[in-house]
>>> print(open('input-v1.csv').read())   # CSV, C-alpha atoms
chain,number,residue,atom,x,y,z
I,1,MET,CA,-34.0,-23.1,-0.2
I,2,THR,CA,-32.9,-21.9,3.2
I,3,PRO,CA,-32.6,-18.1,3.3
I,4,ARG,CA,-29.1,-16.8,3.9
I,5,THR,CA,-28.2,-15.5,7.3
I,6,LYS,CA,-27.2,-11.9,8.0
I,7,GLU,CA,-23.6,-13.1,8.5
I,8,GLN,CA,-23.6,-14.9,5.1
I,9,ASN,CA,-24.9,-11.8,3.3
I,10,GLU,CA,-22.2,-9.7,4.9
I,11,GLU,CA,-19.5,-12.2,3.9
I,12,ILE,CA,-20.8,-12.1,0.3
I,13,ARG,CA,-20.9,-8.3,0.3
I,14,LEU,CA,-17.2,-8.1,1.5
I,15,ARG,CA,-16.1,-10.7,-1.0
I,16,ARG,CA,-17.8,-8.8,-3.8
I,17,LEU,CA,-16.2,-5.5,-2.7
I,18,ALA,CA,-12.8,-7.1,-2.6
I,19,GLN,CA,-13.4,-8.6,-6.1
I,20,ILE,CA,-14.3,-5.2,-7.5
I,21,ARG,CA,-11.4,-3.4,-5.9
I,22,LYS,CA,-8.9,-5.9,-7.2
I,23,ALA,CA,-10.3,-5.5,-10.7
I,24,ALA,CA,-10.2,-1.7,-10.3
I,25,ALA,CA,-6.5,-1.8,-9.4
I,26,ASP,CA,-5.7,-3.9,-12.5
I,27,VAL,CA,-7.6,-1.5,-14.7
I,28,PHE,CA,-6.2,1.6,-13.2
I,29,LEU,CA,-2.7,0.5,-13.9
I,30,ASN,CA,-3.5,0.5,-17.6
I,31,LYS,CA,-6.0,3.3,-18.0
I,32,GLY,CA,-5.3,5.6,-15.0
I,33,PRO,CA,-7.9,8.3,-14.5
I,34,LEU,CA,-9.6,7.3,-17.7
I,35,LEU,CA,-11.0,4.2,-15.8
I,36,GLU,CA,-14.7,3.7,-16.1
I,37,ILE,CA,-17.1,1.6,-14.0
I,38,ARG,CA,-17.8,-0.5,-17.1
I,39,ASP,CA,-14.1,-1.3,-17.4
I,40,VAL,CA,-14.0,-2.6,-13.9
I,41,ALA,CA,-17.1,-4.7,-14.4
I,42,ALA,CA,-15.6,-6.3,-17.4
I,43,GLN,CA,-12.3,-7.0,-15.6
I,44,ALA,CA,-14.1,-8.5,-12.6
I,45,GLY,CA,-16.4,-10.6,-14.8
I,46,LEU,CA,-19.5,-8.9,-13.2
I,47,GLY,CA,-22.4,-7.0,-14.7
I,48,TYR,CA,-22.3,-3.2,-14.9
I,49,GLY,CA,-25.3,-3.0,-12.6
I,50,THR,CA,-23.6,-5.2,-10.0
I,51,VAL,CA,-20.6,-2.9,-9.8
I,52,TYR,CA,-22.7,0.2,-9.9
I,53,HIS,CA,-24.7,-1.1,-7.0
I,54,TYR,CA,-21.6,-0.9,-4.8
I,55,TYR,CA,-19.9,2.0,-6.5
I,56,SER,CA,-21.9,4.6,-8.4
I,57,ASN,CA,-18.7,6.5,-9.4
I,58,LYS,CA,-15.0,5.9,-9.8
I,59,GLY,CA,-14.1,8.5,-7.2
I,60,ASP,CA,-15.7,6.4,-4.5
I,61,LEU,CA,-14.1,3.2,-5.8
I,62,LEU,CA,-10.6,4.7,-5.9
I,63,HIS,CA,-11.1,6.1,-2.4
I,64,ASP,CA,-12.0,2.7,-1.0
I,65,LEU,CA,-9.3,1.0,-3.0
I,66,LEU,CA,-6.6,3.2,-1.6
I,67,TRP,CA,-7.7,2.9,2.0
I,68,ASP,CA,-8.0,-0.8,1.7
I,69,ALA,CA,-4.4,-0.9,0.3
I,70,LEU,CA,-3.2,1.3,3.1
I,71,GLU,CA,-4.3,-1.3,5.7
I,72,ARG,CA,-1.6,-3.6,4.2
I,73,ALA,CA,1.0,-1.0,3.2
I,74,GLY,CA,3.3,-1.0,6.3
I,75,ARG,CA,3.7,-4.7,6.7
I,76,TRP,CA,6.7,-5.0,4.4
I,77,LEU,CA,8.8,-2.9,6.8
I,78,GLU,CA,8.2,-5.1,9.9
I,79,ALA,CA,10.9,-7.7,9.3
I,80,PRO,CA,13.7,-5.2,8.2
I,81,LEU,CA,13.0,-3.0,11.2
I,82,LYS,CA,13.1,-5.9,13.6
I,83,ALA,CA,16.4,-7.1,12.2
I,84,LEU,CA,18.2,-3.8,12.6
I,85,PRO,CA,20.1,-2.8,15.8
I,86,LYS,CA,18.6,0.0,17.8
I,87,ILE,CA,20.3,3.3,17.4
I,88,PRO,CA,19.5,5.6,20.3
I,89,SER,CA,18.3,9.1,19.6
I,90,GLU,CA,17.7,12.1,21.8
I,91,VAL,CA,14.1,12.2,20.6
I,92,PRO,CA,12.4,9.1,19.2
I,93,LEU,CA,11.6,9.3,15.5
I,94,GLU,CA,8.0,8.3,16.1
I,95,ALA,CA,7.5,11.3,18.4
I,96,GLN,CA,9.2,13.7,16.0
I,97,LEU,CA,7.1,12.5,13.1
I,98,LYS,CA,3.8,12.3,15.0
I,99,ALA,CA,1.0,12.9,12.5
I,100,PRO,CA,-2.5,14.1,13.1
I,101,LEU,CA,-5.0,11.6,14.2
I,102,GLU,CA,-6.7,9.7,11.4
I,103,VAL,CA,-10.1,11.1,10.5
I,104,PRO,CA,-12.8,8.4,11.0
I,105,ARG,CA,-14.0,7.2,7.6
I,106,ALA,CA,-16.7,5.1,6.2
I,107,SER,CA,-16.7,3.0,3.1
I,108,ALA,CA,-18.2,4.9,0.2
I,109,SER,CA,-20.0,1.7,-0.6
I,110,GLY,CA,-21.8,1.3,2.7
I,111,LYS,CA,-21.2,1.3,6.5
I,112,ALA,CA,-17.6,0.9,7.6
I,113,PRO,CA,-16.9,-2.6,8.9
I,114,ALA,CA,-15.8,-2.9,12.5
I,115,GLY,CA,-12.4,-1.5,13.2
I,116,GLY,CA,-12.4,0.5,10.0
I,117,HIS,CA,-11.1,-2.4,7.9
I,118,LEU,CA,-12.5,-2.8,4.4
I,119,GLY,CA,-12.8,-6.5,4.0
I,120,LEU,CA,-9.2,-7.7,4.3
I,121,ALA,CA,-10.2,-11.3,4.9
I,122,ALA,CA,-12.4,-11.2,1.8
I,123,ALA,CA,-9.5,-9.8,-0.2
I,124,ALA,CA,-7.4,-12.7,0.8
I,125,ASP,CA,-10.1,-15.1,-0.3
I,126,THR,CA,-10.3,-13.5,-3.8
I,127,GLY,CA,-6.6,-14.1,-4.6
I,128,ASN,CA,-5.0,-11.1,-2.9
I,129,SER,CA,-2.2,-12.9,-1.1
I,130,ALA,CA,-0.2,-9.9,-0.1
I,131,GLY,CA,-1.1,-10.0,3.6
I,132,ALA,CA,-0.2,-13.7,4.1
I,133,ASP,CA,2.7,-13.4,1.8
I,134,SER,CA,4.2,-10.5,3.7
I,135,ARG,CA,4.3,-12.7,6.7
I,136,SER,CA,5.8,-15.6,4.9
I,137,GLY,CA,8.2,-13.2,3.2
I,138,SER,CA,10.0,-12.4,6.5
I,139,ARG,CA,12.4,-15.3,5.9
I,140,GLU,CA,13.3,-14.3,2.4
I,141,THR,CA,13.6,-10.6,3.5
I,142,ALA,CA,16.1,-11.6,6.2
I,143,ALA,CA,18.1,-13.7,3.6
I,144,ALA,CA,18.1,-10.8,1.2
I,145,ALA,CA,19.3,-8.4,3.9
I,146,ALA,CA,22.4,-10.5,4.4
I,147,GLU,CA,23.2,-10.2,0.7
I,148,LEU,CA,21.9,-6.7,-0.1
I,149,GLY,CA,21.7,-4.9,3.2
I,150,PRO,CA,18.5,-4.0,5.1
I,151,VAL,CA,17.4,-1.0,3.0
I,152,ALA,CA,17.9,-2.9,-0.3
I,153,ALA,CA,16.2,-6.0,1.0
I,154,ALA,CA,13.2,-3.9,2.1
I,155,GLY,CA,13.1,-2.3,-1.3
I,156,VAL,CA,13.1,-5.7,-3.1
I,157,ARG,CA,10.4,-6.9,-0.8
I,158,LEU,CA,8.2,-3.9,-1.6
I,159,LEU,CA,8.7,-4.4,-5.3
I,160,GLN,CA,7.7,-8.0,-5.0
I,161,LEU,CA,4.6,-7.1,-3.1
I,162,TRP,CA,3.7,-4.6,-5.8
I,163,ALA,CA,4.0,-7.4,-8.4
I,164,GLU,CA,1.6,-9.5,-6.3
I,165,ASP,CA,-0.8,-6.8,-5.3
I,166,PRO,CA,-1.2,-3.9,-7.8
I,167,ALA,CA,-3.4,-2.0,-5.4
I,168,LEU,CA,-0.3,-1.4,-3.2
I,169,TYR,CA,1.6,-0.1,-6.2
I,170,LEU,CA,-1.3,2.2,-7.0
I,171,LEU,CA,-1.3,3.5,-3.4
I,172,HIS,CA,2.4,4.4,-3.4
I,173,LYS,CA,2.1,6.0,-6.9
I,174,GLN,CA,-0.9,8.1,-5.8
I,175,ALA,CA,0.8,9.0,-2.6
I,176,GLY,CA,3.7,10.4,-4.6
I,177,GLU,CA,1.2,12.6,-6.5
I,178,GLY,CA,-0.4,13.8,-3.3
I,179,PHE,CA,-3.5,11.7,-4.0
I,180,ALA,CA,-4.4,14.4,-6.6
I,181,SER,CA,-7.1,12.1,-8.1
I,182,LEU,CA,-9.2,12.7,-5.0
I,183,PRO,CA,-10.7,15.9,-3.6
I,184,GLU,CA,-8.9,17.5,-0.8
I,185,ALA,CA,-11.4,16.4,1.8
I,186,ARG,CA,-10.5,12.8,1.0
I,187,SER,CA,-6.8,13.2,0.1
I,188,ALA,CA,-5.8,14.9,3.3
I,189,PRO,CA,-6.7,12.0,5.7
I,190,LEU,CA,-5.1,9.6,3.3
I,191,SER,CA,-1.9,11.6,3.1
I,192,ALA,CA,-1.7,11.9,6.9
I,193,ALA,CA,-2.3,8.1,7.3
I,194,PHE,CA,0.3,7.3,4.6
I,195,ARG,CA,2.8,9.5,6.3
I,196,ARG,CA,2.3,7.8,9.6
I,197,GLU,CA,2.0,4.2,8.5
I,198,VAL,CA,4.6,4.1,5.6
I,199,LEU,CA,6.8,7.2,5.5
I,200,ALA,CA,7.7,7.4,9.2
I,201,PRO,CA,8.7,3.7,9.5
I,202,LEU,CA,10.6,3.9,6.2
I,203,ALA,CA,12.5,7.0,7.4
I,204,ALA,CA,13.4,5.1,10.6
I,205,LEU,CA,14.7,2.2,8.5
I,206,LEU,CA,16.8,4.5,6.3
I,207,GLU,CA,18.2,6.3,9.3
I,208,THR,CA,18.9,3.2,11.4
I,209,GLY,CA,20.2,1.2,8.5
I,210,SER,CA,22.6,3.9,7.4
I,211,ALA,CA,23.9,4.4,10.9
I,212,ALA,CA,24.4,0.7,11.3
I,213,ALA,CA,26.1,0.3,8.0
I,214,ASP,CA,28.4,3.3,8.6
I,215,GLY,CA,29.3,2.3,12.1
I,216,ALA,CA,27.9,5.7,13.3
I,217,ALA,CA,28.2,6.6,17.0
I,218,ALA,CA,25.1,5.8,19.1
I,219,SER,CA,24.1,9.5,19.3
I,220,GLY,CA,21.3,11.5,17.7
I,221,GLY,CA,23.4,14.7,17.6
I,222,ASN,CA,24.3,14.4,13.9
I,223,ALA,CA,21.0,12.9,12.8
I,224,ALA,CA,19.1,14.5,10.0
I,225,GLU,CA,16.2,16.7,10.9
I,226,PRO,CA,12.7,15.0,10.7
I,227,PRO,CA,11.6,16.9,7.5
I,228,TYR,CA,14.7,15.7,5.7
I,229,ARG,CA,14.2,12.1,6.9
I,230,LEU,CA,10.7,12.1,5.4
I,231,GLN,CA,11.9,13.7,2.2
I,232,ARG,CA,14.5,10.9,1.8
I,233,ALA,CA,11.7,8.3,2.3
I,234,GLU,CA,9.5,10.1,-0.2
I,235,MET,CA,12.3,10.3,-2.8
I,236,LEU,CA,13.1,6.6,-2.4
I,237,LEU,CA,9.5,5.5,-2.9
I,238,ALA,CA,9.2,7.8,-5.9
I,239,ALA,CA,12.3,6.2,-7.5
I,240,LEU,CA,11.0,2.7,-6.8
I,241,VAL,CA,7.6,3.7,-8.3
I,242,GLY,CA,9.2,5.0,-11.5
I,243,CYS,CA,11.5,2.1,-12.0
I,244,ALA,CA,8.8,-0.4,-11.2
I,245,SER,CA,6.4,0.9,-13.8
I,246,LEU,CA,7.9,-0.6,-16.9
I,247,SER,CA,8.6,-4.0,-15.2
I,248,LEU,CA,5.1,-4.1,-13.8
I,249,ARG,CA,3.6,-3.5,-17.3
I,250,ARG,CA,5.7,-6.3,-18.7
I,251,GLY,CA,4.8,-8.6,-15.9
I,252,LYS,CA,8.4,-8.9,-14.9
I,253,LEU,CA,8.5,-6.9,-11.7
I,254,ARG,CA,9.1,-9.8,-9.3
I,255,GLU,CA,12.0,-11.2,-11.3
I,256,GLU,CA,13.6,-7.8,-11.8
I,257,ALA,CA,13.1,-6.5,-8.3
I,258,GLY,CA,16.8,-7.2,-7.3
I,259,ASP,CA,18.1,-5.5,-10.5
I,260,ILE,CA,16.1,-2.4,-9.6
I,261,ALA,CA,17.5,-2.3,-6.1
I,262,ARG,CA,21.0,-2.6,-7.4
I,263,PHE,CA,20.4,0.0,-10.1
I,264,LEU,CA,19.2,2.5,-7.4
I,265,LYS,CA,22.2,1.5,-5.2
I,266,LEU,CA,20.0,1.0,-2.2
>>> encode(input="input-v1.csv", output="structure tokens")
Amino acid sequence: MTPRTKEQNEEIRLRRLAQIRKAAADVFLNKGPLLEIRDVAAQAGLGYGTVYHYYSNKGDLLHDLLWDALERAGRWLEAPLKALPKIPSEVPLEAQLKAPLEVPRASASGKAPAGGHLGLAAAADTGNSAGADSRSGSRETAAAAAELGPVAAAGVRLLQLWAEDPALYLLHKQAGEGFASLPEARSAPLSAAFRREVLAPLAALLETGSAAADGAAASGGNAAEPPYRLQRAEMLLAALVGCASLSLRRGKLREEAGDIARFLKL
């Protein structure tokens, strides 16, 4: 038998990591902090020793799982933001909400892959279709925007992605809890990155969408202050997380996404 190349071994490693993280997200939805490595192994169809080889404790596993989900977290906002008219402001929102630089990180299971990504290509190959689906979902998001409005359409799209990728739901749920399941040294960089990659773009969507819907004047003089903008985004995500929980457990989140958006009057 021909020995595997270094590249083949790395591909196998990334696929296995993605397989473990996907199983961990499914287990965490049902057991929360009570999750154990043996539960993940059973869900993934792997031996306990195999999972333990990559993750010796659930803290490292959750840390990698959340960072990996964050790599995909902002894509659902791309289409709605592009579809909205530009509302001028005295100071760009991105500048007002500038977050600290992300602290360099390494995978708890080994060296960090190039660019800081934790095996996104491998995740796609193991059934995690959220990345590709977020791109193909641009058309349905645009269609939904025509019926529901840009904010509601974005909310529906996010709920649908949660149904397809439980790790994304777990990321938003943990963010609403301040990533309390992790020690501060790990939660602080995650919070800063989530604020920059998810909250700030969502705040921009809420502000611009409301201004466009209300026919507001093209002036930033009456715009909400940055902290309030972020608070609105946080409250919206918290409401979506709460409403999605029951539907997600029933396996009905994708079908009920529109009902949730209408219930919340997005």
>>> atom_distance(input="input-v1.csv", atom1="atom CA of Ala200 of chain I", atom2="atom CA of Ala154 of chain I")
14.4 Å
>>> atom_distance(input="input-v1.csv", atom1="atom CA of Arg75 of chain I", atom2="atom CA of Glu197 of chain I")
9.2 Å
>>> residues_around(input="input-v1.csv", residues="Gly178 of chain I", least_positions_apart="2", cutoff="8 Å", atoms="all atoms listed in the file", output="list in words")
Gln174, Ala175, Gly176, Ala180, Ser187 and Ser191 of chain I
>>> closest_residue(input="input-v1.csv", among="I:Val27, I:Ala203, I:Ala238, I:Ala152", to="Ile260 of chain I", atoms="all atoms listed in the file")
I:Ala152
>>> closest_residue(input="input-v1.csv", among="I:His172, I:His53, I:Lys58, I:Lys252", to="Val198 of chain I", atoms="only C-alpha atoms")
I:His172
>>> atom_distance(input="input-v1.csv", atom1="atom CA of Gly258 of chain I", atom2="atom CA of Trp162 of chain I")
13.4 Å
>>> residues_around(input="input-v1.csv", residues="Ala163 of chain I", least_positions_apart="4", cutoff="10 Å", atoms="only C-alpha atoms", output="list of chain:residue names")
I:Ala130, I:Arg157, I:Leu158, I:Leu159, I:Ala167, I:Leu168, I:Tyr169, I:Ala244, I:Ser247, I:Leu248, I:Arg249, I:Gly251, I:Lys252, I:Leu253, I:Arg254, I:Glu255, I:Ala257
>>> closest_residue(input="input-v1.csv", among="I:Arg13, I:Arg186, I:Arg196, I:His63", to="Leu170 of chain I", atoms="only C-alpha atoms")
I:His63
>>> closest_residue(input="input-v1.csv", among="I:Gly49, I:Pro183, I:Gly74, I:Gly59", to="Leu35 of chain I", atoms="only C-alpha atoms")
I:Gly59
>>> residues_around(input="input-v1.csv", residues="segment 17-22 of chain I", least_positions_apart="2", cutoff="6 Å", atoms="all atoms listed in the file", output="ChimeraX atom specification")
/I:14-15,24-25,65,123
>>> residues_near_point(input="input-v1.csv", point="(10.1, -4.5, 3.4)", cutoff="7 Å", atoms="all atoms listed in the file", output="mmCIF file with C-alpha atoms, in the frame of the given file")
data_model
loop_
_atom_site.group_PDB
_atom_site.id
_atom_site.type_symbol
_atom_site.label_atom_id
_atom_site.label_comp_id
_atom_site.auth_asym_id
_atom_site.auth_seq_id
_atom_site.Cartn_x
_atom_site.Cartn_y
_atom_site.Cartn_z
ATOM 1 C CA TRP I 76 6.700 -5.000 4.400
ATOM 2 C CA LEU I 77 8.800 -2.900 6.800
ATOM 3 C CA GLU I 78 8.200 -5.100 9.900
ATOM 4 C CA ALA I 79 10.900 -7.700 9.300
ATOM 5 C CA PRO I 80 13.700 -5.200 8.200
ATOM 6 C CA ALA I 153 16.200 -6.000 1.000
ATOM 7 C CA ALA I 154 13.200 -3.900 2.100
ATOM 8 C CA GLY I 155 13.100 -2.300 -1.300
ATOM 9 C CA ARG I 157 10.400 -6.900 -0.800
ATOM 10 C CA LEU I 158 8.200 -3.900 -1.600
#
>>> closest_residue(input="input-v1.csv", among="I:Leu266, I:Ala69, I:Ser245, I:Arg16", to="Leu46 of chain I", atoms="only C-alpha atoms")
I:Arg16
>>> closest_residue(input="input-v1.csv", among="I:Arg4, I:Asp165, I:Gln43, I:Ile37", to="Arg72 of chain I", atoms="all atoms listed in the file")
I:Asp165
>>> residues_around(input="input-v1.csv", residues="Gln231 of chain I", least_positions_apart="5", cutoff="10 Å", atoms="only C-alpha atoms", output="ChimeraX atom specification")
/I:199,203,226,236-237
>>> write_last_selection(input="input-v1.csv", atoms="C-alpha atoms", output="mmCIF file, in the coordinates of the input")
data_model
loop_
_atom_site.group_PDB
_atom_site.id
_atom_site.type_symbol
_atom_site.label_atom_id
_atom_site.label_comp_id
_atom_site.auth_asym_id
_atom_site.auth_seq_id
_atom_site.Cartn_x
_atom_site.Cartn_y
_atom_site.Cartn_z
ATOM 1 C CA LEU I 199 6.800 7.200 5.500
ATOM 2 C CA ALA I 203 12.500 7.000 7.400
ATOM 3 C CA PRO I 226 12.700 15.000 10.700
ATOM 4 C CA LEU I 236 13.100 6.600 -2.400
ATOM 5 C CA LEU I 237 9.500 5.500 -2.900
#
